[in-house]
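Engineer: One structure coming up, written as structure tokens, with questions to follow.
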Amino acid sequence: MVLVGTDGSAVAANAVRWAAGEAARRGSRLRVLRAWDPWAPWPTREPPARDAAGRERDLVLRAAAAMVAGRGLPVETELLDGPAIPALRAAADLGDVLVLGHRGAGRVSEFLLLGTTSLGVAGHTARPVVLVRGHDTGARGAVVVGLSPGRQGEAEELAYGFAAADRAGTVLRVVRARPPRDDDGAADPLEVLEGLLAPWRERYPLVRAVPVLHFEEPQSALLEESRSADLLVIGPGRRTDMRPYLGSVSGAVLHHADCPVAVVTH
């Protein structure tokens, strides 16, 4: 099941449309989520009356479901009680993937590249989280997986990337970036990449997987790749005290990527 969070904003609407397409590719249900915390501060001077707040809450869910109703998908809606971040983190475990807009509604978020809810959820769930940018550039025909040298979790990222490329019928670009100063004369990095891809090519024989090396900083390489991708797949970064968190590379990619980004935890 594909889960998607909405708050009624234009960015969230784009996420709902992307999630509907992903549900269609997977042949699965779509569930639209709306987190509702009656005690949260409102961007206006006074919160709306209780009845008006209830109508707005329900209208957001109905409007999101109606937006994709004509696609022949089984669409469900669910209201999540409580603050958005913990509610969405908990709900993510009930689906295969959680889709969010890169930022939400509200005056403050209009000036942010990435909203606090997106930052608080991506990389903090057992299931992958896809953050959808607030614009639609159309299909570009590629899924990109970004791998970091010396980091664990490559199998999870490759599994997600190969499956996504297989569903979409697109090429898969597996990218590893290493600054020139890191070229220490060890094993040929292209041969290492080919070795990583070999078992996945057997599992997904219809996916054309292309290994790509960038001799530059990882965030620059991945942002460049995002300009020609339909989806960029990354890990959350390093782990501390057994918990994942967004590292500098993944954070930069989430803030500035030019396509949806799937954060796959390990």
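A note on labels: chains of the structure tokens are A, B, ... as shown, every chain counts residues from 1, and ligands are counted from 1 in their shown order.
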Skip Asp96 of chain A itself and residues of its chain fewer than 6 positions away, then list as a PyMOL selection string all residues within 7 Å of it, counting only C-alpha atoms.
Structural biologist: chain A and resi 1-2+127
Engineer: Would you kindly return, as JSON, numbers by chain, each protein, DNA or RNA residue with an atom no farther than 8 Å from any atom of Arg17 of chain A, considering only C-alpha atoms and excluding same-chain residues fewer than 3 positions away?
Structural biologist: {"A": [13, 14, 20, 21, 67, 68]}
Engineer: Residues as selected, N, CA, C and O atoms, written as a PDB file, in the first residue's frame, can you do that?
Structural biologist:
```pdb
ATOM      1  N   ALA A  13      -0.658  18.503  -2.924  1.00  0.00           N
ATOM      2  CA  ALA A  13      -1.446  17.999  -4.045  1.00  0.00           C
ATOM      3  C   ALA A  13      -0.540  17.322  -5.071  1.00  0.00           C
ATOM      4  O   ALA A  13      -0.886  16.283  -5.645  1.00  0.00           O
ATOM      5  N   ASN A  14       0.627  17.896  -5.304  1.00  0.00           N
ATOM      6  CA  ASN A  14       1.585  17.276  -6.219  1.00  0.00           C
ATOM      7  C   ASN A  14       2.051  15.933  -5.683  1.00  0.00           C
ATOM      8  O   ASN A  14       2.224  14.978  -6.443  1.00  0.00           O
ATOM      9  N   ALA A  20      -0.338   8.575  -6.370  1.00  0.00           N
ATOM     10  CA  ALA A  20      -1.329   7.829  -7.143  1.00  0.00           C
ATOM     11  C   ALA A  20      -0.653   7.103  -8.308  1.00  0.00           C
ATOM     12  O   ALA A  20      -0.967   5.942  -8.608  1.00  0.00           O
ATOM     13  N   GLY A  21       0.288   7.775  -8.967  1.00  0.00           N
ATOM     14  CA  GLY A  21       1.028   7.131 -10.035  1.00  0.00           C
ATOM     15  C   GLY A  21       1.855   5.960  -9.524  1.00  0.00           C
ATOM     16  O   GLY A  21       1.927   4.905 -10.169  1.00  0.00           O
ATOM     17  N   MET A  67      -9.184  14.059  -6.209  1.00  0.00           N
ATOM     18  CA  MET A  67      -8.193  14.438  -7.208  1.00  0.00           C
ATOM     19  C   MET A  67      -7.718  13.242  -8.029  1.00  0.00           C
ATOM     20  O   MET A  67      -7.395  13.364  -9.206  1.00  0.00           O
ATOM     21  N   VAL A  68      -7.681  12.053  -7.411  1.00  0.00           N
ATOM     22  CA  VAL A  68      -7.155  10.869  -8.091  1.00  0.00           C
ATOM     23  C   VAL A  68      -8.228   9.797  -8.266  1.00  0.00           C
ATOM     24  O   VAL A  68      -7.924   8.658  -8.633  1.00  0.00           O
TER      25      VAL A  68
END
```
Engineer: Name the residues of segment 2-33 of chain A that come out as helix (DSSP H, G or I) in a backbone DSSP run; write them as a VMD selection string.
Structural biologist: chain A and resid 10 to 26
Engineer: Show which residues sit within 10 Å of Ser118 of chain A, as a ChimeraX atom specification. Count only C-alpha atoms, and ignore same-chain residues fewer than 2 positions away.
Structural biologist: /A:84-85,88,99-104,114-116,120-123,129-132,254
Engineer: Provide the atom CA of Trp36 of chain A to atom CA of Ala90 of chain A distance in Å, to one decimal place.
Structural biologist: 14.0 Å
Engineer: Which residues of segment 61-162 of chain A have any atom within 12 Å of an atom in segment 212-222 of chain A when counting only C-alpha atoms, and what is the closest pair of atoms for each, with the distance in Å to one decimal? Order the rows by chain and rising number and write it as CSV.
Structural biologist:
```
residue,atom,partner,partner_atom,distance
A:Val143,CA,A:Leu222,CA,11.8
A:Val144,CA,A:Leu222,CA,8.6
A:Val145,CA,A:Leu222,CA,8.9
A:Gly146,CA,A:Leu222,CA,6.7
A:Leu147,CA,A:Pro218,CA,8.9
A:Ser148,CA,A:Pro218,CA,7.6
A:Pro149,CA,A:Pro218,CA,9.7
```
Engineer: Write the residues of the preceding selection, restricted to all heavy atoms, as a PDB file, in the first residue's frame.
Structural biologist:
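Output saved as part_29.pdb:
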```pdb
ATOM      1  N   VAL A 143      15.808   6.306 -13.300  1.00  0.00           N
ATOM      2  CA  VAL A 143      15.877   6.238 -11.847  1.00  0.00           C
ATOM      3  C   VAL A 143      17.347   6.256 -11.481  1.00  0.00           C
ATOM      4  O   VAL A 143      18.155   5.563 -12.113  1.00  0.00           O
ATOM      5  CB  VAL A 143      15.190   4.972 -11.302  1.00  0.00           C
ATOM      6  CG1 VAL A 143      15.439   4.816  -9.803  1.00  0.00           C
ATOM      7  CG2 VAL A 143      13.688   5.002 -11.588  1.00  0.00           C
ATOM      8  N   VAL A 144      17.711   7.049 -10.487  1.00  0.00           N
ATOM      9  CA  VAL A 144      19.110   7.161 -10.066  1.00  0.00           C
ATOM     10  C   VAL A 144      19.245   6.689  -8.628  1.00  0.00           C
ATOM     11  O   VAL A 144      18.460   7.088  -7.756  1.00  0.00           O
ATOM     12  CB  VAL A 144      19.610   8.615 -10.184  1.00  0.00           C
ATOM     13  CG1 VAL A 144      21.015   8.756  -9.597  1.00  0.00           C
ATOM     14  CG2 VAL A 144      19.605   9.065 -11.644  1.00  0.00           C
ATOM     15  N   VAL A 145      20.222   5.836  -8.382  1.00  0.00           N
ATOM     16  CA  VAL A 145      20.572   5.422  -7.023  1.00  0.00           C
ATOM     17  C   VAL A 145      21.926   6.017  -6.690  1.00  0.00           C
ATOM     18  O   VAL A 145      22.901   5.824  -7.435  1.00  0.00           O
ATOM     19  CB  VAL A 145      20.627   3.889  -6.885  1.00  0.00           C
ATOM     20  CG1 VAL A 145      21.142   3.497  -5.497  1.00  0.00           C
ATOM     21  CG2 VAL A 145      19.255   3.278  -7.123  1.00  0.00           C
ATOM     22  N   GLY A 146      21.993   6.749  -5.597  1.00  0.00           N
ATOM     23  CA  GLY A 146      23.257   7.331  -5.161  1.00  0.00           C
ATOM     24  C   GLY A 146      23.888   6.508  -4.060  1.00  0.00           C
ATOM     25  O   GLY A 146      23.270   6.295  -3.009  1.00  0.00           O
ATOM     26  N   LEU A 147      25.096   6.010  -4.285  1.00  0.00           N
ATOM     27  CA  LEU A 147      25.808   5.207  -3.306  1.00  0.00           C
ATOM     28  C   LEU A 147      27.008   5.986  -2.787  1.00  0.00           C
ATOM     29  O   LEU A 147      27.687   6.673  -3.539  1.00  0.00           O
ATOM     30  CB  LEU A 147      26.295   3.892  -3.926  1.00  0.00           C
ATOM     31  CG  LEU A 147      25.220   2.968  -4.509  1.00  0.00           C
ATOM     32  CD1 LEU A 147      25.880   1.717  -5.084  1.00  0.00           C
ATOM     33  CD2 LEU A 147      24.188   2.606  -3.463  1.00  0.00           C
ATOM     34  N   SER A 148      27.268   5.846  -1.489  1.00  0.00           N
ATOM     35  CA  SER A 148      28.415   6.523  -0.885  1.00  0.00           C
ATOM     36  C   SER A 148      29.495   5.507  -0.565  1.00  0.00           C
ATOM     37  O   SER A 148      29.205   4.444   0.002  1.00  0.00           O
ATOM     38  CB  SER A 148      27.997   7.242   0.414  1.00  0.00           C
ATOM     39  OG  SER A 148      27.052   8.243   0.131  1.00  0.00           O
ATOM     40  N   PRO A 149      30.756   5.799  -0.898  1.00  0.00           N
ATOM     41  CA  PRO A 149      31.843   4.855  -0.611  1.00  0.00           C
ATOM     42  C   PRO A 149      31.956   4.575   0.882  1.00  0.00           C
ATOM     43  O   PRO A 149      31.843   5.480   1.713  1.00  0.00           O
ATOM     44  CB  PRO A 149      33.092   5.581  -1.130  1.00  0.00           C
ATOM     45  CG  PRO A 149      32.581   6.601  -2.094  1.00  0.00           C
ATOM     46  CD  PRO A 149      31.229   7.002  -1.586  1.00  0.00           C
TER      47      PRO A 149
END
```
Engineer: Quick one: pull the distance between atom CA of Arg173 of chain A and atom CA of Leu3 of chain A, Å, one decimal.
Structural biologist: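 The value is 26.0 Å.
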Engineer: For the atom pair atom CA of Asp93 of chain A and atom CA of Thr125 of chain A, what is the interatomic distance in Å to one decimal place?
Structural biologist: 7.3 Å
Engineer: Could you name the residues that touch Pro86 of chain A at 10 Å or less, counting only C-alpha atoms, but leaving out those on the same chain fewer than 6 positions away, as a list in words?
Structural biologist: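 Near Pro86 of chain A, the qualifying residues are Ala35, Leu80, Ala92, Thr117, Gly120, Val121 and His124 of chain A.
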Engineer: Go through A:Glu157, A:Glu78, A:Glu22, A:Glu224 one by one, measure the shortest atom-to-atom distance of each to Leu197 of chain A using only C-alpha atoms, and give the residue with the smallest value.
Structural biologist: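 Among the listed residues, the smallest separation from Leu197 of chain A belongs to A:Glu157.
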Engineer: Which is closer to Arg62 of chain A than all the others in A:Arg34, A:Arg178, A:Arg203, A:Arg167, using only C-alpha atoms?
Structural biologist: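 Going through A:Arg34, A:Arg178, A:Arg203, A:Arg167 one by one, the smallest distance to Arg62 of chain A is for A:Arg34.
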Engineer: What's the 8 Å shell around Pro260 of chain A, counting only C-alpha atoms, without same-chain residues fewer than 2 positions away, as a list in words?
Structural biologist: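 Within the cut-off, the hits are Val130, Leu131, Val132, Arg133, Asp230, Leu231, Leu232, Ala257, Asp258 and Ala262 of chain A.
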Engineer: Measuring atom to atom with only C-alpha atoms, identify which of A:Leu59, A:Leu73, A:Leu206, A:Val261 is nearest to Ala15 of chain A.
Structural biologist: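 Under the stated criterion, the closest residue is A:Val261.
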Engineer: Can you work out which one of A:Ala168, A:Val32, A:Gly251, A:Ser9 has the shortest atom-to-atom distance to Ala66 of chain A, counting only C-alpha atoms?
Structural biologist: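 The closest residue to Ala66 of chain A is A:Val32.
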